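Undergrad: One file is attached below, entry.cif, containing mmCIF, C-alpha atoms and all ligand atoms.
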```cif
data_run
#
loop_
_atom_site.group_PDB
_atom_site.id
_atom_site.type_symbol
_atom_site.label_atom_id
_atom_site.label_comp_id
_atom_site.auth_asym_id
_atom_site.auth_seq_id
_atom_site.Cartn_x
_atom_site.Cartn_y
_atom_site.Cartn_z
ATOM 1 C CA MET A 1 -19.451 4.078 -24.177
ATOM 2 C CA PRO A 2 -22.890 2.356 -23.901
ATOM 3 C CA THR A 3 -25.594 4.368 -22.227
ATOM 4 C CA LEU A 4 -27.824 3.336 -19.414
ATOM 5 C CA THR A 5 -31.274 1.860 -20.099
ATOM 6 C CA GLN A 6 -33.982 4.391 -19.306
ATOM 7 C CA GLU A 7 -37.048 3.854 -17.049
ATOM 8 C CA PRO A 8 -37.821 1.890 -14.987
ATOM 9 C CA MET A 9 -34.454 1.046 -13.397
ATOM 10 C CA THR A 10 -34.258 -1.749 -10.865
ATOM 11 C CA TYR A 11 -31.506 -3.543 -8.934
ATOM 12 C CA GLY A 12 -31.819 -6.461 -11.375
ATOM 13 C CA ILE A 13 -31.510 -4.405 -14.558
ATOM 14 C CA LEU A 14 -28.648 -2.353 -13.174
ATOM 15 C CA ALA A 15 -26.803 -5.508 -12.065
ATOM 16 C CA TRP A 16 -27.253 -7.041 -15.503
ATOM 17 C CA GLU A 17 -26.143 -3.877 -17.335
ATOM 18 C CA GLY A 18 -23.157 -3.374 -15.021
ATOM 19 C CA LEU A 19 -21.976 -6.928 -15.602
ATOM 20 C CA ALA A 20 -22.400 -6.567 -19.370
ATOM 21 C CA LEU A 21 -20.512 -3.279 -19.385
ATOM 22 C CA LEU A 22 -17.485 -4.623 -17.489
ATOM 23 C CA SER A 23 -17.454 -7.984 -19.355
ATOM 24 C CA ASN A 24 -17.559 -6.291 -22.746
ATOM 25 C CA ALA A 25 -14.678 -4.073 -21.644
ATOM 26 C CA GLY A 26 -12.591 -7.185 -20.876
ATOM 27 C CA ILE A 27 -12.383 -6.649 -17.100
ATOM 28 C CA ALA A 28 -11.126 -9.987 -15.729
ATOM 29 C CA ASN A 29 -13.368 -10.317 -12.650
ATOM 30 C CA ALA A 30 -16.314 -8.533 -14.233
ATOM 31 C CA ALA A 31 -19.054 -10.195 -12.162
ATOM 32 C CA GLN A 32 -17.363 -9.588 -8.822
ATOM 33 C CA GLU A 33 -16.222 -6.061 -9.636
ATOM 34 C CA ALA A 34 -19.655 -5.046 -10.954
ATOM 35 C CA ARG A 35 -21.232 -6.366 -7.771
ATOM 36 C CA TRP A 36 -18.774 -4.522 -5.503
ATOM 37 C CA LEU A 37 -19.242 -1.256 -7.390
ATOM 38 C CA LEU A 38 -23.025 -1.566 -7.241
ATOM 39 C CA GLU A 39 -22.913 -2.431 -3.549
ATOM 40 C CA ARG A 40 -20.898 0.751 -3.035
ATOM 41 C CA ALA A 41 -23.074 2.980 -5.216
ATOM 42 C CA LEU A 42 -26.409 1.672 -3.927
ATOM 43 C CA GLN A 43 -25.204 1.269 -0.328
ATOM 44 C CA THR A 44 -26.510 -2.271 -0.265
ATOM 45 C CA THR A 45 -25.265 -5.866 -0.079
ATOM 46 C CA GLY A 46 -24.646 -8.462 -2.781
ATOM 47 C CA LEU A 47 -27.413 -10.580 -1.290
ATOM 48 C CA ARG A 48 -29.974 -7.754 -1.577
ATOM 49 C CA LEU A 49 -28.915 -7.049 -5.133
ATOM 50 C CA ARG A 50 -29.813 -10.645 -5.973
ATOM 51 C CA VAL A 51 -32.975 -11.196 -3.953
ATOM 52 C CA GLU A 52 -34.497 -7.726 -4.409
ATOM 53 C CA SER A 53 -34.005 -7.569 -8.160
ATOM 54 C CA ASP A 54 -37.306 -5.690 -8.681
ATOM 55 C CA ARG A 55 -36.408 -2.965 -6.221
ATOM 56 C CA PRO A 56 -36.479 0.450 -7.938
ATOM 57 C CA VAL A 57 -33.276 2.505 -8.069
ATOM 58 C CA SER A 58 -33.398 6.289 -7.649
ATOM 59 C CA GLU A 59 -31.959 8.478 -10.385
ATOM 60 C CA GLU A 60 -29.218 9.684 -8.038
ATOM 61 C CA HIS A 61 -28.141 6.127 -7.226
ATOM 62 C CA ARG A 62 -28.202 4.938 -10.789
ATOM 63 C CA ASN A 63 -26.141 7.899 -11.970
ATOM 64 C CA LEU A 64 -23.595 7.190 -9.241
ATOM 65 C CA ALA A 65 -23.507 3.487 -10.151
ATOM 66 C CA TRP A 66 -23.060 4.242 -13.834
ATOM 67 C CA SER A 67 -20.353 6.751 -13.092
ATOM 68 C CA LEU A 68 -18.346 4.207 -11.055
ATOM 69 C CA LEU A 69 -18.800 1.509 -13.698
ATOM 70 C CA THR A 70 -17.718 3.741 -16.582
ATOM 71 C CA ARG A 71 -14.707 5.023 -14.624
ATOM 72 C CA ARG A 72 -13.706 1.401 -14.048
ATOM 73 C CA VAL A 73 -14.029 0.706 -17.791
ATOM 74 C CA ALA A 74 -11.773 3.728 -18.417
ATOM 75 C CA GLY A 75 -9.041 2.083 -16.304
ATOM 76 C CA GLU A 76 -9.412 3.499 -12.781
ATOM 77 C CA PRO A 77 -8.343 0.907 -10.211
ATOM 78 C CA LEU A 78 -11.254 -0.799 -8.482
ATOM 79 C CA GLN A 79 -9.877 0.089 -5.042
ATOM 80 C CA TYR A 80 -9.825 3.822 -5.793
ATOM 81 C CA LEU A 81 -13.482 3.608 -6.800
ATOM 82 C CA LEU A 82 -14.439 1.615 -3.722
ATOM 83 C CA GLY A 83 -12.233 3.855 -1.561
ATOM 84 C CA THR A 84 -10.821 1.040 0.560
ATOM 85 C CA GLN A 85 -8.418 -1.897 0.543
ATOM 86 C CA GLU A 86 -7.902 -4.580 3.151
ATOM 87 C CA PHE A 87 -4.390 -5.088 4.511
ATOM 88 C CA CYS A 88 -3.392 -7.380 7.381
ATOM 89 C CA GLY A 89 -7.089 -7.885 8.115
ATOM 90 C CA LEU A 90 -7.693 -4.126 8.534
ATOM 91 C CA GLU A 91 -9.607 -1.829 6.202
ATOM 92 C CA PHE A 92 -7.593 1.105 4.834
ATOM 93 C CA GLU A 93 -8.797 4.193 3.027
ATOM 94 C CA VAL A 94 -7.121 4.479 -0.375
ATOM 95 C CA GLY A 95 -7.308 7.006 -3.196
ATOM 96 C CA PRO A 96 -5.198 8.376 -6.049
ATOM 97 C CA ALA A 97 -2.677 9.945 -3.618
ATOM 98 C CA VAL A 98 -1.488 6.558 -2.364
ATOM 99 C CA LEU A 99 -0.268 3.217 -3.606
ATOM 100 C CA ILE A 100 -2.897 0.511 -3.146
ATOM 101 C CA PRO A 101 -1.529 -1.841 -0.445
ATOM 102 C CA ARG A 102 -0.543 -5.204 -1.916
ATOM 103 C CA PRO A 103 -0.904 -8.596 -0.192
ATOM 104 C CA GLU A 104 2.832 -9.345 -0.507
ATOM 105 C CA THR A 105 3.608 -6.244 1.570
ATOM 106 C CA GLU A 106 1.965 -7.978 4.536
ATOM 107 C CA LEU A 107 5.155 -10.085 4.681
ATOM 108 C CA LEU A 108 7.052 -7.005 5.883
ATOM 109 C CA VAL A 109 4.645 -6.554 8.766
ATOM 110 C CA GLY A 110 5.109 -10.209 9.740
ATOM 111 C CA GLU A 111 8.905 -9.886 9.693
ATOM 112 C CA VAL A 112 8.956 -6.717 11.793
ATOM 113 C CA ARG A 113 6.503 -8.200 14.289
ATOM 114 C CA GLU A 114 8.695 -11.222 14.707
ATOM 115 C CA ILE A 115 11.824 -9.129 15.253
ATOM 116 C CA ALA A 116 10.576 -6.100 17.170
ATOM 117 C CA GLY A 117 7.720 -7.874 18.941
ATOM 118 C CA ARG A 118 10.283 -9.477 21.259
ATOM 119 C CA GLU A 119 11.100 -6.064 22.747
ATOM 120 C CA ALA A 120 9.142 -4.490 25.564
ATOM 121 C CA ALA A 121 8.672 -1.103 23.856
ATOM 122 C CA PRO A 122 10.111 -1.221 20.346
ATOM 123 C CA LEU A 123 10.740 1.861 18.240
ATOM 124 C CA VAL A 124 10.124 1.282 14.538
ATOM 125 C CA ALA A 125 10.267 3.481 11.414
ATOM 126 C CA ASP A 126 8.269 2.962 8.219
ATOM 127 C CA ILE A 127 9.877 4.915 5.385
ATOM 128 C CA GLY A 128 7.592 5.863 2.464
ATOM 129 C CA THR A 129 4.417 5.077 4.363
ATOM 130 C CA GLY A 130 1.873 5.921 1.621
ATOM 131 C CA SER A 131 -1.557 4.919 2.960
ATOM 132 C CA GLY A 132 0.110 4.158 6.308
ATOM 133 C CA CYS A 133 -0.763 0.490 5.922
ATOM 134 C CA ILE A 134 2.523 -0.898 7.292
ATOM 135 C CA ALA A 135 2.837 1.627 10.132
ATOM 136 C CA VAL A 136 -0.780 1.268 11.245
ATOM 137 C CA ALA A 137 -0.799 -2.531 10.973
ATOM 138 C CA LEU A 138 2.381 -2.659 13.071
ATOM 139 C CA ALA A 139 0.962 -0.332 15.711
ATOM 140 C CA CYS A 140 -2.209 -2.438 15.887
ATOM 141 C CA ALA A 141 -0.225 -5.676 16.154
ATOM 142 C CA MET A 142 2.290 -4.381 18.734
ATOM 143 C CA PRO A 143 0.447 -2.364 21.392
ATOM 144 C CA ASN A 144 3.708 -1.261 23.055
ATOM 145 C CA ALA A 145 5.418 -0.087 19.881
ATOM 146 C CA GLN A 146 6.001 3.509 18.846
ATOM 147 C CA VAL A 147 6.068 3.916 15.065
ATOM 148 C CA TYR A 148 7.550 6.778 13.033
ATOM 149 C CA ALA A 149 6.178 6.933 9.499
ATOM 150 C CA THR A 150 7.561 9.251 6.831
ATOM 151 C CA ASP A 151 6.524 10.215 3.340
ATOM 152 C CA ARG A 152 7.466 13.009 0.975
ATOM 153 C CA SER A 153 3.845 13.372 -0.164
ATOM 154 C CA ALA A 154 1.623 15.565 2.013
ATOM 155 C CA GLU A 155 -1.440 14.151 0.217
ATOM 156 C CA ALA A 156 -0.418 10.584 1.053
ATOM 157 C CA LEU A 157 0.202 11.532 4.683
ATOM 158 C CA ALA A 158 -3.301 13.001 4.950
ATOM 159 C CA VAL A 159 -4.696 9.601 3.943
ATOM 160 C CA ALA A 160 -2.273 7.817 6.296
ATOM 161 C CA ARG A 161 -3.345 9.986 9.243
ATOM 162 C CA ARG A 162 -6.999 9.204 8.562
ATOM 163 C CA ASN A 163 -6.085 5.508 8.531
ATOM 164 C CA GLY A 164 -4.246 5.928 11.822
ATOM 165 C CA GLY A 165 -7.359 7.557 13.275
ATOM 166 C CA ARG A 166 -9.655 4.912 11.825
ATOM 167 C CA HIS A 167 -7.704 2.223 13.688
ATOM 168 C CA GLY A 168 -7.157 4.189 16.886
ATOM 169 C CA VAL A 169 -3.347 4.296 16.836
ATOM 170 C CA MET A 170 -2.621 8.003 16.338
ATOM 171 C CA GLU A 171 -1.069 8.253 19.789
ATOM 172 C CA ARG A 172 1.597 5.725 18.833
ATOM 173 C CA VAL A 173 2.224 6.547 15.170
ATOM 174 C CA ARG A 174 3.903 9.821 14.244
ATOM 175 C CA PHE A 175 3.367 10.684 10.596
ATOM 176 C CA LEU A 176 6.140 12.974 9.387
ATOM 177 C CA GLU A 177 6.537 14.721 6.043
ATOM 178 C CA GLY A 178 9.923 14.722 4.336
ATOM 179 C CA ASP A 179 12.616 12.925 2.405
ATOM 180 C CA LEU A 180 13.200 9.316 3.568
ATOM 181 C CA LEU A 181 14.633 9.447 7.120
ATOM 182 C CA ALA A 182 15.262 13.207 7.173
ATOM 183 C CA PRO A 183 12.143 13.888 9.324
ATOM 184 C CA LEU A 184 13.621 11.699 12.084
ATOM 185 C CA ALA A 185 16.531 14.100 12.609
ATOM 186 C CA GLY A 186 16.381 15.853 15.955
ATOM 187 C CA LEU A 187 14.003 13.323 17.547
ATOM 188 C CA GLY A 188 16.804 11.590 19.462
ATOM 189 C CA LEU A 189 16.328 8.328 17.602
ATOM 190 C CA GLU A 190 19.926 7.713 16.514
ATOM 191 C CA GLY A 191 20.911 4.150 17.419
ATOM 192 C CA GLN A 192 17.434 3.489 18.856
ATOM 193 C CA LEU A 193 15.302 1.794 16.196
ATOM 194 C CA ALA A 194 14.612 -1.926 16.528
ATOM 195 C CA ALA A 195 13.553 -1.988 12.882
ATOM 196 C CA VAL A 196 13.432 0.213 9.819
ATOM 197 C CA VAL A 197 10.897 -1.074 7.324
ATOM 198 C CA SER A 198 10.297 0.199 3.817
ATOM 199 C CA ASN A 199 8.447 -0.662 0.654
ATOM 200 C CA PRO A 200 10.169 1.969 -1.485
ATOM 201 C CA PRO A 201 9.462 2.783 -5.139
ATOM 202 C CA TYR A 202 11.355 0.091 -7.083
ATOM 203 C CA ILE A 203 10.159 0.031 -10.697
ATOM 204 C CA PRO A 204 12.942 0.948 -13.151
ATOM 205 C CA ALA A 205 11.889 4.263 -14.730
ATOM 206 C CA ASP A 206 11.945 2.864 -18.290
ATOM 207 C CA ASP A 207 9.478 0.116 -17.295
ATOM 208 C CA LEU A 208 6.815 2.551 -16.063
ATOM 209 C CA PRO A 209 5.096 3.109 -19.459
ATOM 210 C CA GLY A 210 4.670 -0.674 -19.885
ATOM 211 C CA LEU A 211 2.877 -1.216 -16.569
ATOM 212 C CA GLN A 212 -0.738 -2.375 -16.437
ATOM 213 C CA ARG A 213 -3.008 0.660 -17.044
ATOM 214 C CA GLU A 214 -4.445 0.479 -13.505
ATOM 215 C CA VAL A 215 -0.947 0.583 -11.980
ATOM 216 C CA ARG A 216 -0.107 3.616 -14.130
ATOM 217 C CA ARG A 217 -2.928 5.448 -12.299
ATOM 218 C CA GLU A 218 -1.058 5.043 -9.000
ATOM 219 C CA PRO A 219 1.272 7.898 -7.976
ATOM 220 C CA ARG A 220 4.473 7.956 -10.004
ATOM 221 C CA ALA A 221 6.372 8.882 -6.830
ATOM 222 C CA ALA A 222 5.269 5.549 -5.352
ATOM 223 C CA LEU A 223 6.582 3.542 -8.303
ATOM 224 C CA ASP A 224 9.634 5.193 -9.864
ATOM 225 C CA GLY A 225 12.795 3.600 -8.493
ATOM 226 C CA GLY A 226 15.177 5.519 -10.769
ATOM 227 C CA PRO A 227 17.064 4.245 -13.828
ATOM 228 C CA ASP A 228 17.741 0.730 -12.453
ATOM 229 C CA GLY A 229 14.929 0.577 -9.859
ATOM 230 C CA LEU A 230 17.481 0.448 -7.038
ATOM 231 C CA ALA A 231 17.981 4.145 -6.252
ATOM 232 C CA PHE A 232 16.033 4.031 -2.966
ATOM 233 C CA TYR A 233 17.859 0.981 -1.644
ATOM 234 C CA ARG A 234 21.232 2.729 -2.078
ATOM 235 C CA ARG A 235 19.976 5.664 -0.056
ATOM 236 C CA LEU A 236 18.111 3.627 2.573
ATOM 237 C CA LEU A 237 21.132 1.420 3.311
ATOM 238 C CA ARG A 238 23.243 4.520 3.913
ATOM 239 C CA GLU A 239 20.721 6.778 5.619
ATOM 240 C CA ALA A 240 18.966 4.250 7.890
ATOM 241 C CA LYS A 241 22.134 2.802 9.403
ATOM 242 C CA PRO A 242 22.707 5.587 11.991
ATOM 243 C CA TYR A 243 19.169 5.118 13.322
ATOM 244 C CA LEU A 244 19.295 1.352 13.801
ATOM 245 C CA ALA A 245 19.956 0.040 17.293
ATOM 246 C CA PRO A 246 22.868 -2.387 17.609
ATOM 247 C CA GLY A 247 21.497 -5.628 16.142
ATOM 248 C CA GLY A 248 18.500 -3.704 14.736
ATOM 249 C CA THR A 249 16.938 -4.905 11.505
ATOM 250 C CA MET A 250 16.174 -3.345 8.157
ATOM 251 C CA VAL A 251 13.223 -4.985 6.371
ATOM 252 C CA LEU A 252 12.913 -4.068 2.689
ATOM 253 C CA GLU A 253 10.382 -5.038 0.063
ATOM 254 C CA VAL A 254 12.084 -5.615 -3.304
ATOM 255 C CA GLY A 255 10.872 -6.057 -6.871
ATOM 256 C CA GLN A 256 11.155 -9.282 -8.810
ATOM 257 C CA GLY A 257 14.819 -10.104 -9.451
ATOM 258 C CA GLN A 258 16.151 -7.335 -7.182
ATOM 259 C CA ALA A 259 16.917 -9.317 -3.990
ATOM 260 C CA GLU A 260 20.390 -10.371 -5.089
ATOM 261 C CA SER A 261 21.383 -6.817 -6.049
ATOM 262 C CA VAL A 262 20.062 -5.400 -2.767
ATOM 263 C CA CYS A 263 21.948 -8.038 -0.745
ATOM 264 C CA ARG A 264 25.122 -7.260 -2.695
ATOM 265 C CA MET A 265 24.668 -3.517 -2.139
ATOM 266 C CA ALA A 266 24.240 -4.151 1.599
ATOM 267 C CA GLU A 267 27.386 -6.219 1.694
ATOM 268 C CA GLU A 268 29.347 -3.565 -0.209
ATOM 269 C CA SER A 269 28.006 -0.740 1.938
ATOM 270 C CA GLY A 270 29.357 -2.550 5.022
ATOM 271 C CA GLY A 271 27.847 -2.726 8.478
ATOM 272 C CA TYR A 272 25.017 -5.111 7.602
ATOM 273 C CA GLY A 273 24.673 -8.857 7.905
ATOM 274 C CA LEU A 274 22.027 -10.733 5.896
ATOM 275 C CA CYS A 275 19.330 -12.327 8.036
ATOM 276 C CA GLY A 276 17.287 -13.669 5.183
ATOM 277 C CA VAL A 277 15.301 -13.317 1.991
ATOM 278 C CA ARG A 278 11.614 -14.241 2.096
ATOM 279 C CA ARG A 279 9.506 -15.346 -0.853
ATOM 280 C CA ASP A 280 5.931 -14.236 -1.492
ATOM 281 C CA GLY A 281 2.928 -16.377 -2.462
ATOM 282 C CA ALA A 282 4.068 -16.349 -6.099
ATOM 283 C CA ASP A 283 7.475 -17.720 -5.013
ATOM 284 C CA ILE A 284 9.193 -14.421 -5.847
ATOM 285 C CA GLU A 285 11.987 -13.218 -3.549
ATOM 286 C CA ARG A 286 10.126 -10.283 -2.033
ATOM 287 C CA VAL A 287 11.609 -9.270 1.303
ATOM 288 C CA VAL A 288 15.245 -8.708 2.258
ATOM 289 C CA CYS A 289 16.067 -8.607 5.993
ATOM 290 C CA LEU A 290 19.388 -7.096 7.041
ATOM 291 C CA GLN A 291 20.840 -6.773 10.502
ATOM 292 C CA ASN A 292 22.921 -3.901 11.779
ATOM 293 C CA ASP A 293 26.283 -5.551 12.440
ATOM 294 C CA GLU A 294 27.131 -3.326 15.393
ATOM 295 C CA CYS A 295 26.719 -5.021 18.739
HETATM 296 C C1 LIG B 301 5.783 1.904 -2.995
HETATM 297 S S1 LIG B 301 4.982 3.162 -2.089
HETATM 298 C C2 LIG B 301 4.702 2.300 -0.559
HETATM 299 C C3 LIG B 301 3.517 2.783 0.202
HETATM 300 C C4 LIG B 301 3.160 1.898 1.410
HETATM 301 N N1 LIG B 301 4.246 1.824 2.350
HETATM 302 C C5 LIG B 301 2.788 0.498 0.967
HETATM 303 O O1 LIG B 301 3.575 -0.412 1.168
HETATM 304 O O2 LIG B 301 1.716 0.326 0.389
HETATM 305 C C6 LIG B 301 6.325 4.233 -1.743
HETATM 306 C C7 LIG B 301 5.991 5.493 -0.981
HETATM 307 O O3 LIG B 301 7.222 6.217 -0.813
HETATM 308 C C8 LIG B 301 6.966 7.602 -0.935
HETATM 309 N N2 LIG B 301 8.219 8.263 -1.334
HETATM 310 C C9 LIG B 301 8.794 8.345 -2.551
HETATM 311 N N3 LIG B 301 9.943 9.012 -2.495
HETATM 312 C C10 LIG B 301 10.115 9.354 -1.202
HETATM 313 C C11 LIG B 301 11.125 10.068 -0.492
HETATM 314 N N4 LIG B 301 12.198 10.545 -1.116
HETATM 315 N N5 LIG B 301 10.976 10.242 0.826
HETATM 316 C C12 LIG B 301 9.890 9.767 1.488
HETATM 317 N N6 LIG B 301 8.902 9.069 0.864
HETATM 318 C C13 LIG B 301 9.012 8.875 -0.451
HETATM 319 C C14 LIG B 301 5.861 7.698 -1.963
HETATM 320 O O4 LIG B 301 5.164 8.920 -1.834
HETATM 321 C C15 LIG B 301 5.037 6.463 -1.632
HETATM 322 O O5 LIG B 301 4.001 6.795 -0.738
#
```
Do you think you could lay out the structure here as structure tokens?
TA:
Amino acid sequence: MPTLTQEPMTYGILAWEGLALLSNAGIANAAQEARWLLERALQTTGLRLRVESDRPVSEEHRNLAWSLLTRRVAGEPLQYLLGTQEFCGLEFEVGPAVLIPRPETELLVGEVREIAGREAAPLVADIGTGSGCIAVALACAMPNAQVYATDRSAEALAVARRNGGRHGVMERVRFLEGDLLAPLAGLGLEGQLAAVVSNPPYIPADDLPGLQREVRREPRAALDGGPDGLAFYRRLLREAKPYLAPGGTMVLEVGQGQAESVCRMAEESGGYGLCGVRRDGADIERVVCLQNDEC
């Protein structure tokens, strides 16, 4: 690993060395990532980095900057180093306990808003909430909604609760620890939910070692969908059904090539009608919407 130039360190030299470090390591967006990491480490803006290139950098700041840059070179995801990721126009805290929210997951929020937003006071559940991005975005978008958000990971829920607090929705989002919908038992929600939404782990277990190195740093529990990647859909179709209101909707994110299997599983499990499959920006079938057949 290259070492940092010694005295005197300035914004300009650090920016140049950071860019060189990330470029030489083959990071795709080296210029942008170096700038974001330096902005974070030096608590400054990209504009200041450029126009104040002679500004001296304290030893503490340069050590922090170098530490972030070298961690990035070693494969840590940029978002974990920056500590945040934008989702649905809101800034979310992220870290190694949670999956980094992806842009395609915003489609789920749009679908639920369209369905549940028609109701005066919709009840919605987000299963496997991770950073809380879906639950919090829904609560922000639907001021009359009550959202129940579950996750098996206590560490993820701690991040999700901070995100709920950050966006002022803790009174309307209940974060509950436990296995899928189990934490909803005893809350009187049977037959009440306008929508159950989930972005469950869906990577087939054998594919995990071949994932991009940054993705392999995300929690295994957020990725591993069992031998065929479909284990969570089987359970969600069965376990969510008793909680859906008549005509209520299940909105599921699926991996590439999984939509057909999930639709078939829903048909075989009975009690669901297909409302639609939505494609993401890369034209991949990404979201399956199913309606509880009961009227
Ligand atoms: C793919 S991540 C989705 C996180 C977030 N909803 C998002 O879209 O960015 C799946 C989440 O499900 C959680 N999870 C995995 N198995 C679970 C289970 N049996 N019960 C509840 N949550 C589970 C993981 O901890 C992880 O946070």
Undergrad: Evaluated on this file, the PyMOL selection byres (((not hetatm)) within 7 of (chain B and resi 301)) picks out some residues - which ones are they, written as a list in words?
TA: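 So the PyMOL selection byres (((not hetatm)) within 7 of (chain B and resi 301)) ends up selecting Val98, Leu99, Ile100, Pro101, Arg102, Thr105, Ile127, Gly128, Thr129, Gly130, Ser131, Gly132, Cys133, Ile134, Thr150, Asp151, Arg152, Ser153, Ala156, Gly178, Asp179, Leu180, Ser198, Asn199, Pro200, Pro201, Ala221, Ala222 and Leu223 of chain A.
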Undergrad: Extract, using all atoms listed in the file, all DNA, RNA and protein residues at most 9 Å from region 38-54 of chain A, discarding same-chain residues fewer than 6 positions from it, and format them as a PyMOL selection string.
TA: chain A and resi 9-15+18+61-66+68-69+81-82
Undergrad: Which one of A:Glu93, A:Asp206, A:Asp224, A:Glu239 sits closest to Val136 (chain A) if you count all atoms listed in the file?
TA: A:Glu93
Undergrad: When you draw a straight line from CA of Tyr233 (chain A) to CA of Met265 (chain A), how long is it in Å?
TA: 8.2 Å
Undergrad: Report the residues retrieved by the PyMOL selection byres (((chain A and resi 226) around 9) and not hetatm) from the displayed file, expressed as an mmCIF file with C-alpha atoms, in the coordinates of the input.
TA:
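Everything below was put into result_38.cif:
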```cif
data_model
loop_
_atom_site.group_PDB
_atom_site.id
_atom_site.type_symbol
_atom_site.label_atom_id
_atom_site.label_comp_id
_atom_site.auth_asym_id
_atom_site.auth_seq_id
_atom_site.Cartn_x
_atom_site.Cartn_y
_atom_site.Cartn_z
ATOM 1 C CA PRO A 201 9.462 2.783 -5.139
ATOM 2 C CA TYR A 202 11.355 0.091 -7.083
ATOM 3 C CA ILE A 203 10.159 0.031 -10.697
ATOM 4 C CA PRO A 204 12.942 0.948 -13.151
ATOM 5 C CA ALA A 205 11.889 4.263 -14.730
ATOM 6 C CA ASP A 206 11.945 2.864 -18.290
ATOM 7 C CA ASP A 224 9.634 5.193 -9.864
ATOM 8 C CA GLY A 225 12.795 3.600 -8.493
ATOM 9 C CA PRO A 227 17.064 4.245 -13.828
ATOM 10 C CA ASP A 228 17.741 0.730 -12.453
ATOM 11 C CA GLY A 229 14.929 0.577 -9.859
ATOM 12 C CA LEU A 230 17.481 0.448 -7.038
ATOM 13 C CA ALA A 231 17.981 4.145 -6.252
ATOM 14 C CA PHE A 232 16.033 4.031 -2.966
#
```
Undergrad: Please write the residues picked by the PyMOL selection byres (((chain A and resi 243) around 10) and not hetatm) on this file as an NGL selection string.
TA: :A and (124-125 or 181 or 184-185 or 188-196 or 239-242 or 244-246 or 248 or 292)
Undergrad: Would you kindly return, as a VMD selection string, each protein, DNA or RNA residue with an atom no farther than 9 Å from any atom of Glu33 (chain A), considering all atoms listed in the file and excluding same-chain residues fewer than 6 positions away?
TA: chain A and resid 19 22 27 69 78
Undergrad: CA of Arg238 (chain A) and CA of Ala266 (chain A), how far apart in Å?
TA: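 Taking CA of Ala266 (chain A) as the start and CA of Arg238 (chain A) as the end point, the length is 9.0 Å.
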Undergrad: To one decimal in Å, tell me the separation between CA of Glu155 (chain A) and CA of Arg220 (chain A).
TA: 13.3 Å
Undergrad: Restricting the calculation to all atoms listed in the file: of A:Glu294, A:Glu253, A:Gln258, A:Leu90, which residue gets closest to Gly270 (chain A)?
TA: A:Glu294
Undergrad: Would you please work out which residue, of A:Val277, A:Leu157, A:Ser269, A:Asn24, is nearest to Val254 (chain A) when using only C-alpha atoms?
TA: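 Among the listed residues, A:Val277 lies closest to Val254 (chain A).
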Undergrad: Which residue gives the smallest distance to Ala141 (chain A) among A:Leu187, A:Ala121, A:Cys88, A:Val73, with only C-alpha atoms counted?
TA: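 Result for the nearest residue to Ala141 (chain A): A:Cys88.
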Undergrad: What's the 6 Å shell around region 286-291 of chain A, counting only C-alpha atoms, without same-chain residues fewer than 2 positions away, as a PyMOL selection string?
TA: chain A and resi 247-254+272-280+284+293
Undergrad: Tell me, as a list of chain:residue names, which residues lie within 10 Å of Arg166 (chain A), counting only C-alpha atoms; anything in the same chain fewer than 2 positions away does not count.
TA: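 These residues fall inside the cut-off: A:Leu90, A:Glu91, A:Phe92, A:Glu93, A:Val136, A:Ala160, A:Arg161, A:Arg162, A:Asn163, A:Gly164, A:Gly168, A:Val169, A:Met170.
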Undergrad: Region 131-140 of chain A from the block above, N, CA and C atoms, as a tab-separated table (two decimals), in the first residue's frame, please?
TA:
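Output file decode_38.tsv is given in full below:
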```tsv
chain	number	residue	atom	x	y	z
A	131	SER	N	-31.85	-1.27	7.15
A	131	SER	CA	-31.63	0.12	7.56
A	131	SER	C	-32.93	0.85	7.87
A	132	GLY	N	-34.07	0.20	7.57
A	132	GLY	CA	-35.37	0.85	7.78
A	132	GLY	C	-35.77	1.71	6.60
A	133	CYS	N	-35.02	1.61	5.49
A	133	CYS	CA	-35.25	2.56	4.39
A	133	CYS	C	-36.67	2.50	3.85
A	134	ILE	N	-37.21	1.28	3.66
A	134	ILE	CA	-38.56	1.18	3.08
A	134	ILE	C	-39.59	1.71	4.09
A	135	ALA	N	-39.48	1.22	5.33
A	135	ALA	CA	-40.46	1.60	6.36
A	135	ALA	C	-40.46	3.11	6.60
A	136	VAL	N	-39.29	3.69	6.70
A	136	VAL	CA	-39.19	5.12	6.99
A	136	VAL	C	-39.66	5.95	5.79
A	137	ALA	N	-39.26	5.53	4.59
A	137	ALA	CA	-39.70	6.27	3.40
A	137	ALA	C	-41.22	6.22	3.27
A	138	LEU	N	-41.81	5.05	3.59
A	138	LEU	CA	-43.27	4.94	3.52
A	138	LEU	C	-43.94	5.84	4.56
A	139	ALA	N	-43.41	5.83	5.77
A	139	ALA	CA	-44.00	6.67	6.82
A	139	ALA	C	-43.90	8.15	6.45
A	140	CYS	N	-42.78	8.53	5.84
A	140	CYS	CA	-42.62	9.94	5.44
A	140	CYS	C	-43.60	10.28	4.32
```
